[in-house]
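Visitor: Dropping in data-v4.cif, which is mmCIF, C-alpha atoms and all ligand atoms:
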```cif
data_my_file
#
loop_
_atom_site.label_atom_id
_atom_site.label_comp_id
_atom_site.auth_asym_id
_atom_site.auth_seq_id
_atom_site.Cartn_x
_atom_site.Cartn_y
_atom_site.Cartn_z
CA MET A 1 -5.65 -1.25 -10.16
CA ALA A 2 -8.12 -3.92 -11.30
CA GLU A 3 -8.05 -5.31 -7.83
CA SER A 4 -8.51 -1.85 -6.40
CA PHE A 5 -11.40 -1.19 -8.77
CA ASP A 6 -13.00 -4.30 -7.30
CA LYS A 7 -12.42 -2.90 -3.83
CA MET A 8 -14.06 0.35 -4.72
CA LYS A 9 -17.61 -0.95 -4.90
CA VAL A 10 -18.76 2.09 -6.73
CA GLU A 11 -22.45 1.95 -7.42
CA PHE A 12 -23.17 3.28 -10.84
CA THR A 13 -26.77 2.35 -11.58
CA GLY A 14 -25.95 0.65 -14.85
CA HIS A 15 -27.30 2.81 -17.60
CA GLU A 16 -27.80 0.24 -20.33
CA GLU A 17 -28.74 2.31 -23.32
CA SER A 18 -26.07 2.65 -25.98
CA VAL A 19 -25.86 6.31 -26.96
CA GLN A 20 -24.53 5.24 -30.34
CA ALA A 21 -27.68 3.20 -30.98
CA LEU A 22 -29.84 6.04 -29.69
CA ALA A 23 -28.01 8.52 -31.93
CA ALA A 24 -28.91 6.42 -34.95
CA THR A 25 -32.63 6.57 -34.15
CA VAL A 26 -32.50 10.26 -33.33
CA HIS A 27 -30.79 10.83 -36.64
CA ASP A 28 -33.50 8.99 -38.56
CA SER A 29 -36.52 10.24 -36.84
CA GLY A 30 -36.52 12.59 -34.10
CA GLU A 31 -35.78 14.33 -30.95
CA VAL A 32 -33.01 13.89 -28.45
CA PRO A 33 -34.53 12.51 -25.22
CA GLU A 34 -34.86 15.11 -22.48
CA LYS A 35 -32.34 13.43 -20.18
CA TYR A 36 -29.55 14.26 -22.65
CA ILE A 37 -30.56 17.91 -23.10
CA ARG A 38 -28.19 20.24 -21.23
CA PRO A 39 -29.50 23.79 -21.10
CA GLU A 40 -26.36 24.87 -19.24
CA ILE A 41 -24.15 24.77 -22.35
CA GLU A 42 -26.12 27.45 -24.10
CA ALA A 43 -25.63 29.61 -21.03
CA ASP A 44 -21.92 28.78 -20.86
CA PRO A 45 -20.54 28.69 -24.42
CA PRO A 46 -16.87 28.66 -25.35
CA ALA A 47 -15.12 32.00 -25.76
CA ALA A 48 -14.89 33.25 -29.30
CA ASP A 49 -12.01 31.34 -30.81
CA ALA A 50 -8.89 33.21 -29.80
CA GLY A 51 -6.99 32.32 -32.93
CA GLY A 52 -7.08 28.57 -32.42
CA ASN A 53 -4.12 26.98 -30.90
CA ALA A 54 -3.30 28.90 -27.79
CA LEU A 55 -2.49 25.76 -25.84
CA PRO A 56 1.26 25.45 -25.15
CA THR A 57 3.14 22.90 -27.22
CA ILE A 58 5.91 20.93 -25.60
CA ASP A 59 8.48 19.15 -27.71
CA MET A 60 9.72 15.89 -26.21
CA SER A 61 12.74 15.77 -28.50
CA ARG A 62 13.85 19.12 -27.08
CA LEU A 63 13.27 17.96 -23.50
CA LEU A 64 15.62 15.07 -24.22
CA ASP A 65 18.25 17.10 -26.05
CA PRO A 66 20.90 18.47 -23.65
CA GLU A 67 21.17 21.62 -25.72
CA PHE A 68 17.49 22.57 -25.36
CA SER A 69 16.38 20.68 -22.29
CA VAL A 70 16.60 23.50 -19.76
CA GLU A 71 14.61 25.85 -21.92
CA GLU A 72 11.97 23.26 -22.82
CA SER A 73 11.64 22.11 -19.19
CA ALA A 74 10.92 25.68 -18.16
CA LYS A 75 8.24 25.79 -20.83
CA LEU A 76 6.81 22.53 -19.53
CA GLY A 77 6.70 23.84 -15.98
CA SER A 78 5.03 27.03 -17.07
CA ALA A 79 2.41 25.09 -19.07
CA CYS A 80 1.62 22.94 -16.01
CA GLU A 81 1.29 26.00 -13.78
CA HIS A 82 -0.69 28.28 -16.01
CA TRP A 83 -2.67 25.90 -18.19
CA GLY A 84 -2.58 22.47 -16.59
CA PHE A 85 -2.73 21.30 -20.20
CA PHE A 86 -0.34 21.09 -23.13
CA GLN A 87 0.18 19.29 -26.40
CA LEU A 88 3.13 16.97 -26.61
CA VAL A 89 4.79 16.71 -30.01
CA ASN A 90 7.80 14.70 -31.20
CA HIS A 91 7.02 12.11 -28.54
CA ALA A 92 8.63 9.42 -30.71
CA MET A 93 5.75 6.98 -30.42
CA ASP A 94 5.69 4.62 -33.36
CA GLY A 95 3.48 5.99 -36.13
CA GLY A 96 2.39 2.54 -37.25
CA LEU A 97 1.31 1.66 -33.74
CA LEU A 98 -0.68 4.88 -33.40
CA GLY A 99 -2.38 4.15 -36.71
CA GLN A 100 -3.23 0.61 -35.64
CA THR A 101 -4.54 1.84 -32.28
CA LYS A 102 -6.85 4.31 -33.97
CA ALA A 103 -8.04 1.71 -36.46
CA ASP A 104 -8.72 -0.91 -33.77
CA VAL A 105 -10.75 1.34 -31.49
CA ALA A 106 -12.78 2.63 -34.44
CA GLU A 107 -13.43 -0.95 -35.53
CA PHE A 108 -14.52 -1.97 -32.03
CA PHE A 109 -17.09 0.83 -31.79
CA GLY A 110 -18.23 0.02 -35.32
CA LEU A 111 -19.28 -3.48 -34.26
CA PRO A 112 -22.96 -4.28 -33.75
CA LEU A 113 -24.12 -3.56 -30.20
CA GLU A 114 -24.50 -7.29 -29.37
CA GLU A 115 -20.83 -7.81 -30.08
CA LYS A 116 -19.68 -4.86 -28.00
CA SER A 117 -21.92 -6.07 -25.21
CA ALA A 118 -19.72 -9.15 -24.89
CA VAL A 119 -17.48 -6.90 -22.79
CA ALA A 120 -20.24 -4.87 -21.08
CA ILE A 121 -19.47 -3.51 -17.61
CA PRO A 122 -20.74 -6.17 -15.16
CA PRO A 123 -23.14 -5.17 -12.33
CA ASN A 124 -21.27 -3.05 -9.79
CA GLY A 125 -18.17 -3.16 -11.97
CA MET A 126 -16.23 -0.34 -13.54
CA GLN A 127 -14.32 -1.95 -16.36
CA GLY A 128 -15.76 -2.76 -19.75
CA PHE A 129 -18.10 -1.21 -22.30
CA GLY A 130 -20.85 1.07 -20.97
CA HIS A 131 -21.08 4.28 -18.95
CA HIS A 132 -19.66 5.82 -15.79
CA PHE A 133 -20.94 8.31 -13.25
CA VAL A 134 -24.62 7.42 -13.58
CA PHE A 135 -26.10 7.41 -10.10
CA SER A 136 -29.81 7.90 -10.61
CA LYS A 137 -32.59 7.53 -13.14
CA GLU A 138 -33.26 11.26 -12.94
CA GLN A 139 -29.87 12.66 -13.71
CA LYS A 140 -28.76 14.15 -17.01
CA LEU A 141 -26.63 11.89 -19.19
CA ASP A 142 -23.54 12.46 -21.28
CA TRP A 143 -23.65 11.78 -25.02
CA VAL A 144 -20.93 9.11 -25.00
CA ASP A 145 -20.32 5.38 -24.84
CA LEU A 146 -17.07 4.25 -23.30
CA LEU A 147 -14.75 1.33 -22.91
CA PHE A 148 -12.83 1.52 -19.63
CA LEU A 149 -9.98 -0.88 -18.89
CA ALA A 150 -7.16 -1.15 -16.39
CA THR A 151 -3.99 -1.63 -18.42
CA ARG A 152 -1.12 -1.51 -15.91
CA PRO A 153 0.34 -3.21 -14.03
CA ALA A 154 -0.16 -6.06 -16.48
CA GLN A 155 -1.05 -8.64 -13.83
CA GLU A 156 -4.09 -6.61 -12.82
CA ARG A 157 -5.74 -6.60 -16.20
CA SER A 158 -9.23 -8.09 -16.41
CA LEU A 159 -8.61 -9.69 -19.76
CA ASP A 160 -12.13 -11.12 -19.94
CA LEU A 161 -13.28 -7.53 -20.50
CA TRP A 162 -10.73 -6.79 -23.21
CA PRO A 163 -12.35 -7.04 -26.66
CA THR A 164 -11.28 -9.91 -28.90
CA LYS A 165 -12.79 -8.16 -31.90
CA PRO A 166 -11.00 -6.88 -33.87
CA SER A 167 -8.52 -9.70 -33.37
CA THR A 168 -5.60 -7.30 -33.04
CA PHE A 169 -7.29 -5.20 -30.32
CA ARG A 170 -5.65 -6.69 -27.23
CA ASP A 171 -2.16 -6.76 -28.65
CA THR A 172 -2.46 -3.20 -29.97
CA LEU A 173 -3.78 -1.84 -26.68
CA ASP A 174 -0.99 -3.62 -24.83
CA LYS A 175 1.68 -2.08 -27.05
CA TYR A 176 0.10 1.37 -27.15
CA THR A 177 -0.31 1.65 -23.40
CA THR A 178 3.20 0.31 -22.76
CA GLU A 179 4.77 2.94 -24.99
CA LEU A 180 2.56 5.59 -23.49
CA ALA A 181 3.62 4.68 -19.96
CA SER A 182 7.23 5.42 -20.82
CA VAL A 183 6.24 8.79 -22.23
CA ALA A 184 4.39 9.46 -18.96
CA GLU A 185 7.41 8.42 -16.93
CA GLN A 186 9.67 10.78 -18.84
CA LEU A 187 7.22 13.61 -18.28
CA PHE A 188 7.02 12.87 -14.54
CA ARG A 189 10.83 13.08 -14.41
CA PHE A 190 10.97 16.45 -16.14
CA MET A 191 8.19 17.72 -13.91
CA ALA A 192 10.10 16.65 -10.79
CA LYS A 193 13.13 18.52 -12.08
CA ASP A 194 11.11 21.62 -12.80
CA LEU A 195 9.51 21.49 -9.35
CA GLY A 196 12.81 20.90 -7.60
CA VAL A 197 11.46 17.83 -5.80
CA ASP A 198 13.16 14.48 -5.51
CA GLN A 199 12.55 12.55 -8.77
CA GLU A 200 12.33 9.22 -7.00
CA ALA A 201 9.79 10.56 -4.51
CA LEU A 202 7.56 11.77 -7.30
CA LEU A 203 8.10 8.64 -9.37
CA GLY A 204 7.51 6.53 -6.25
CA THR A 205 3.94 7.78 -5.98
CA PHE A 206 3.38 6.40 -9.48
CA LYS A 207 5.50 3.28 -8.99
CA GLY A 208 5.04 0.77 -11.82
CA LEU A 209 3.03 3.44 -13.64
CA PRO A 210 -0.49 2.22 -12.85
CA GLN A 211 -2.64 3.13 -15.80
CA CYS A 212 -6.15 2.74 -17.13
CA VAL A 213 -7.74 3.83 -20.35
CA ARG A 214 -11.08 5.37 -21.04
CA ILE A 215 -11.87 5.08 -24.73
CA ASN A 216 -14.62 7.58 -25.52
CA TYR A 217 -17.02 7.24 -28.42
CA TYR A 218 -19.08 10.38 -29.02
CA PRO A 219 -21.74 9.72 -31.64
CA PRO A 220 -22.74 12.60 -33.89
CA CYS A 221 -25.87 14.45 -32.80
CA ARG A 222 -28.18 16.56 -34.92
CA GLN A 223 -28.77 18.75 -31.92
CA ALA A 224 -25.09 18.81 -30.98
CA GLY A 225 -25.41 22.22 -29.35
CA LYS A 226 -27.88 20.85 -26.80
CA VAL A 227 -25.99 17.78 -25.56
CA LEU A 228 -22.67 17.32 -23.79
CA GLY A 229 -20.22 14.56 -24.64
CA LEU A 230 -18.58 14.69 -21.26
CA SER A 231 -19.63 16.84 -18.30
CA PRO A 232 -17.15 19.35 -16.87
CA HIS A 233 -14.69 17.50 -14.65
CA THR A 234 -11.12 17.18 -13.57
CA ASP A 235 -9.24 13.88 -13.81
CA GLY A 236 -8.76 12.06 -10.48
CA VAL A 237 -5.27 10.86 -11.32
CA GLY A 238 -1.71 12.11 -11.69
CA MET A 239 -1.65 12.85 -15.38
CA THR A 240 -3.73 12.06 -18.46
CA LEU A 241 -2.46 11.55 -22.01
CA LEU A 242 -5.20 11.91 -24.60
CA LEU A 243 -5.03 10.68 -28.17
CA HIS A 244 -7.51 11.86 -30.76
CA ALA A 245 -8.35 8.63 -32.52
CA ASN A 246 -9.96 10.40 -35.44
CA ASP A 247 -9.63 13.96 -36.59
CA VAL A 248 -12.68 15.37 -34.89
CA GLN A 249 -12.17 18.05 -32.24
CA GLY A 250 -14.40 18.64 -29.23
CA LEU A 251 -12.30 19.09 -26.10
CA GLN A 252 -12.79 22.33 -24.20
CA ILE A 253 -10.87 23.55 -21.18
CA ARG A 254 -11.80 26.16 -18.64
CA LYS A 255 -9.19 28.87 -18.35
CA ASP A 256 -9.68 32.03 -16.30
CA GLY A 257 -13.39 31.28 -16.07
CA GLU A 258 -13.98 30.80 -19.78
CA TRP A 259 -14.24 27.75 -21.99
CA PHE A 260 -11.64 27.38 -24.73
CA SER A 261 -11.73 24.88 -27.58
CA VAL A 262 -8.62 22.79 -27.96
CA HIS A 263 -7.38 22.13 -31.47
CA ALA A 264 -5.26 19.03 -31.19
CA LEU A 265 -2.36 18.99 -33.63
CA PRO A 266 -2.20 15.90 -35.83
CA GLY A 267 -0.24 13.21 -34.02
CA ALA A 268 0.09 15.20 -30.78
CA LEU A 269 -0.83 13.87 -27.38
CA VAL A 270 -2.92 16.24 -25.29
CA VAL A 271 -1.56 16.03 -21.76
CA ASN A 272 -3.25 17.30 -18.63
CA ILE A 273 -2.42 17.51 -14.97
CA GLY A 274 -4.84 15.58 -12.74
CA ASP A 275 -6.02 16.20 -9.19
CA VAL A 276 -3.24 14.10 -7.66
CA LEU A 277 -0.48 16.22 -9.17
CA GLU A 278 -2.26 19.38 -8.10
CA ILE A 279 -2.27 18.08 -4.53
CA LEU A 280 1.33 16.77 -4.63
CA THR A 281 2.58 20.08 -6.01
CA ASN A 282 0.59 21.99 -3.38
CA GLY A 283 -1.38 23.73 -6.09
CA LYS A 284 1.58 24.79 -8.21
CA TYR A 285 0.46 22.58 -11.09
CA ARG A 286 -3.22 22.94 -11.88
CA SER A 287 -5.86 20.29 -12.50
CA ILE A 288 -8.04 22.13 -14.98
CA GLU A 289 -11.72 21.62 -15.54
CA HIS A 290 -12.52 20.29 -19.01
CA ARG A 291 -15.47 18.93 -21.00
CA ALA A 292 -16.18 17.45 -24.40
CA VAL A 293 -18.73 18.65 -26.92
CA VAL A 294 -20.26 16.69 -29.76
CA ASN A 295 -20.07 17.12 -33.53
CA PRO A 296 -23.34 17.39 -35.51
CA ASP A 297 -22.15 15.16 -38.36
CA LYS A 298 -19.18 13.13 -37.33
CA GLU A 299 -18.43 10.59 -34.66
CA ARG A 300 -15.54 11.50 -32.38
CA ILE A 301 -13.25 8.96 -30.72
CA THR A 302 -10.60 9.67 -28.10
CA ILE A 303 -8.40 7.51 -25.91
CA ALA A 304 -7.67 8.97 -22.47
CA ALA A 305 -4.90 7.16 -20.61
CA PHE A 306 -4.91 7.95 -16.91
CA HIS A 307 -1.75 7.55 -14.88
CA SER A 308 -2.71 7.00 -11.30
CA VAL A 309 -1.09 6.41 -7.95
CA HIS A 310 0.48 3.19 -6.81
CA LEU A 311 -1.60 1.70 -3.98
CA PRO A 312 -1.31 1.71 -1.07
CA CYS A 313 -0.08 5.27 -0.73
CA THR A 314 -0.91 8.59 0.81
CA ILE A 315 -1.45 11.68 -1.30
CA GLY A 316 -0.31 14.97 0.18
CA PRO A 317 1.71 18.04 -0.80
CA PHE A 318 5.50 17.78 -1.01
CA GLN A 319 6.96 19.50 2.03
CA GLU A 320 9.51 21.34 -0.10
CA LEU A 321 6.61 23.19 -1.73
CA GLY A 322 5.57 25.22 1.29
CA ASP A 323 2.84 25.06 3.91
CA ALA A 324 0.29 22.45 2.94
CA ARG A 325 -2.79 23.85 1.26
CA TYR A 326 -4.41 20.42 0.77
CA LYS A 327 -5.29 17.58 3.12
CA THR A 328 -3.18 14.46 3.04
CA VAL A 329 -5.43 11.55 2.09
CA ASP A 330 -5.20 7.81 1.65
CA GLY A 331 -4.79 6.92 -2.04
CA LEU A 332 -7.58 4.34 -2.17
CA ASP A 333 -10.00 6.59 -0.25
CA PHE A 334 -9.18 9.41 -2.62
CA THR A 335 -9.90 7.29 -5.71
CA LYS A 336 -13.09 5.86 -4.22
CA GLY A 337 -14.22 9.35 -3.35
CA TYR A 338 -13.50 10.55 -6.87
CA PHE A 339 -15.68 7.87 -8.46
CA ALA A 340 -18.43 8.22 -5.86
CA ALA A 341 -18.72 11.97 -6.51
CA LYS A 342 -20.67 13.32 -9.44
CA LEU A 343 -18.67 14.80 -12.28
CA GLU A 344 -19.00 18.39 -11.22
CA GLY A 345 -16.04 20.45 -12.24
CA ARG A 346 -13.46 20.89 -9.50
CA ARG A 347 -15.87 20.21 -6.64
CA TYR A 348 -14.19 17.06 -5.29
CA LEU A 349 -10.71 18.55 -5.48
CA GLU A 350 -11.86 21.76 -3.79
CA SER A 351 -13.21 19.66 -0.91
CA LEU A 352 -9.66 18.52 -0.20
CA LYS A 353 -8.29 22.02 0.26
CA LEU A 354 -7.32 23.14 3.71
C1 LIG B 401 -11.65 12.12 -20.23
C2 LIG B 401 -11.66 13.33 -21.06
C3 LIG B 401 -11.84 14.39 -23.21
C4 LIG B 401 -12.12 14.08 -24.63
O1 LIG B 401 -11.87 11.02 -20.79
O2 LIG B 401 -11.40 12.24 -19.01
O3 LIG B 401 -11.55 14.40 -20.51
O4 LIG B 401 -11.97 15.00 -25.44
N1 LIG B 401 -11.83 13.23 -22.39
O5 LIG B 401 -12.53 12.95 -24.94
NI NI B 402 -10.89 14.19 -18.45
#
```
The structure in this file should be written as structure tokens.
Ligand code: OGA
Ligand code: NI

Guide:
Amino acid sequence: MAESFDKMKVEFTGHEESVQALAATVHDSGEVPEKYIRPEIEADPPAADAGGNALPTIDMSRLLDPEFSVEESAKLGSACEHWGFFQLVNHAMDGGLLGQTKADVAEFFGLPLEEKSAVAIPPNGMQGFGHHFVFSKEQKLDWVDLLFLATRPAQERSLDLWPTKPSTFRDTLDKYTTELASVAEQLFRFMAKDLGVDQEALLGTFKGLPQCVRINYYPPCRQAGKVLGLSPHTDGVGMTLLLHANDVQGLQIRKDGEWFSVHALPGALVVNIGDVLEILTNGKYRSIEHRAVVNPDKERITIAAFHSVHLPCTIGPFQELGDARYKTVDGLDFTKGYFAAKLEGRRYLESLKL
């Protein structure tokens, strides 16, 4: 993927300001700059909390247990169709590793800006510490700093952009993303079964489990209700596995036209279907619009691991799933198009419908 990121030549304008540094000055003295103020959220608030955790929970240990697998797979399929999102529990990832991962990313973002800037996104690059989806000086900005890295396949890593502080960072990220990729692979297999499509065909699209991570740091904001951590979007990949790296919530998903707050269970992975799986499944599985809001007092850190297509490939609906309702597109063109489009809900995906 690193190589393909280089091929993409996406032109983000390089928005240099660290939101974390800005948040500190806003906290001490003053007002949030106008370019971060998002009047649309007041007009489009989340629905009154419908009793918290409505999001389906899928239990990996049940998927893997012959006695419960059929029942749990049906639940998985239904979650992918109706929600496009679920929480994965009992995923068997090593607790110590998760703890170390959380500690290392928190420590990285806690470093002075000069030290984080050692891995700043280079001009016209995509990987490193900085911001994505900034195309003009006029546009509104998200209240987030990020660290974006290609993690798989291993030979495509741009290690020069992997932090060396804290000293355990690289090793931890390597182990975390490796374990996560096998969780993703297992999920792809159960999804193929549920869909009744050939497992190897589905797995083939994600051959070698290409993966990148977007580590999001949302600083606290005194005017949290006026800023957005992450604009409404869908993920331009097969599937995303999100880890809450501290215990601060903020993810919202759009279901039946309304925003719902997600309450991630401790230790759970929040999984969502991306645009590619929506296309492959001919719309059966849904790539749901989501956004992140900011906490007034606490920083929020999440690690989104995106599982994307193996290039070169073509992305189009499985024939077994009926008359195609989406165009068949080249995988690299699709990914380029995703990054060249503004983060605007489902707009890019909708443009690929027939
Ligand atoms: C993402 C994403 C949500 C969150 O990185 O694509 O949707 O809560 N993150 O950080
Ligand atoms: Ni996302």

Visitor: Of the candidates A:His132, A:Lys116, A:Lys75, A:His263, which one gets nearest to Met191 in chain A if we count only C-alpha atoms?

Guide: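 Checking each of A:His132, A:Lys116, A:Lys75, A:His263 against Met191 in chain A, counting only C-alpha atoms, the winner is A:Lys75.
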
Visitor: Go through the chains and note each residue within 9 Å of ligand NI 402 (chain B), using all atoms listed in the file, then give the set as JSON, numbers by chain.

Guide: {"A": [230, 232, 233, 234, 235, 236, 240, 242, 272, 274, 289, 290, 291, 292, 304, 306]}

Visitor: Next, the residues of the selection above should be written as an mmCIF file, in the coordinates of the input with C-alpha atoms.

Guide:
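Written out: result-v7.cif:
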```
data_model
loop_
_atom_site.group_PDB
_atom_site.id
_atom_site.type_symbol
_atom_site.label_atom_id
_atom_site.label_comp_id
_atom_site.auth_asym_id
_atom_site.auth_seq_id
_atom_site.Cartn_x
_atom_site.Cartn_y
_atom_site.Cartn_z
ATOM 1 C CA LEU A 230 -18.580 14.690 -21.260
ATOM 2 C CA PRO A 232 -17.150 19.350 -16.870
ATOM 3 C CA HIS A 233 -14.690 17.500 -14.650
ATOM 4 C CA THR A 234 -11.120 17.180 -13.570
ATOM 5 C CA ASP A 235 -9.240 13.880 -13.810
ATOM 6 C CA GLY A 236 -8.760 12.060 -10.480
ATOM 7 C CA THR A 240 -3.730 12.060 -18.460
ATOM 8 C CA LEU A 242 -5.200 11.910 -24.600
ATOM 9 C CA ASN A 272 -3.250 17.300 -18.630
ATOM 10 C CA GLY A 274 -4.840 15.580 -12.740
ATOM 11 C CA GLU A 289 -11.720 21.620 -15.540
ATOM 12 C CA HIS A 290 -12.520 20.290 -19.010
ATOM 13 C CA ARG A 291 -15.470 18.930 -21.000
ATOM 14 C CA ALA A 292 -16.180 17.450 -24.400
ATOM 15 C CA ALA A 304 -7.670 8.970 -22.470
ATOM 16 C CA PHE A 306 -4.910 7.950 -16.910
#
```

Visitor: Go through range 179-229 of chain A residue by residue and, counting only C-alpha atoms, keep those with an atom at most 10 Å from range 55-69 of chain A; for each kept residue give the shortest atom pair and its distance in Å to one decimal, ordered by chain and increasing number, as a Markdown table.

Guide:
```
| residue | atom | partner | partner_atom | distance |
| --- | --- | --- | --- | --- |
| A:Val183 | CA | A:Met60 | CA | 8.9 |
| A:Gln186 | CA | A:Met60 | CA | 9.0 |
| A:Leu187 | CA | A:Met60 | CA | 8.6 |
| A:Phe190 | CA | A:Leu63 | CA | 7.9 |
```

Visitor: Would you save the residues of that selection, restricted to C-alpha atoms, as a CSV table (one decimal), in the frame of the given file?

Guide:
```csv
chain,number,residue,atom,x,y,z
A,183,VAL,CA,6.2,8.8,-22.2
A,186,GLN,CA,9.7,10.8,-18.8
A,187,LEU,CA,7.2,13.6,-18.3
A,190,PHE,CA,11.0,16.4,-16.1
```

Visitor: Nearest to ligand LIG 401 (chain B): which of A:Lys298, A:Arg222, A:His244, A:His131 is it, counting all atoms listed in the file?

Guide: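 Checking each of A:Lys298, A:Arg222, A:His244, A:His131 against ligand LIG 401 (chain B), counting all atoms listed in the file, the winner is A:His244.
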
Visitor: Write out as a list in words which residues come within 7 Å of Lys35 in chain A when counting all atoms listed in the file, dropping same-chain ones fewer than 4 positions away.

Guide: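 Close residues of Lys35 in chain A: Gln139, Lys140 and Leu141 of chain A.
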
Visitor: I'd like the contact shell of Val270 in chain A - 9 Å cut-off, all atoms listed in the file, skipping same-chain residues fewer than 5 positions apart - returned as a ChimeraX atom specification.

Guide: /A:85-88,240-244,264-265

Visitor: Rounded to one decimal in Å, what is the spacing between CA of Cys313 in chain A and CA of Glu185 in chain A?

Guide: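 A separation of 18.1 Å between them.
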
Visitor: Compare A:Gly229, A:Gly250, A:Gly316, A:Gly84 by their minimum atom-to-atom distance to Val262 in chain A, counting only C-alpha atoms, and give me the closest one.

Guide: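 Checking each candidate against Val262 in chain A, we get A:Gly250 as the closest.
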
Visitor: Give me, please, the distance in Å between CA of Leu269 in chain A and CA of Pro210 in chain A, quoted to one decimal.

Guide: 18.6 Å
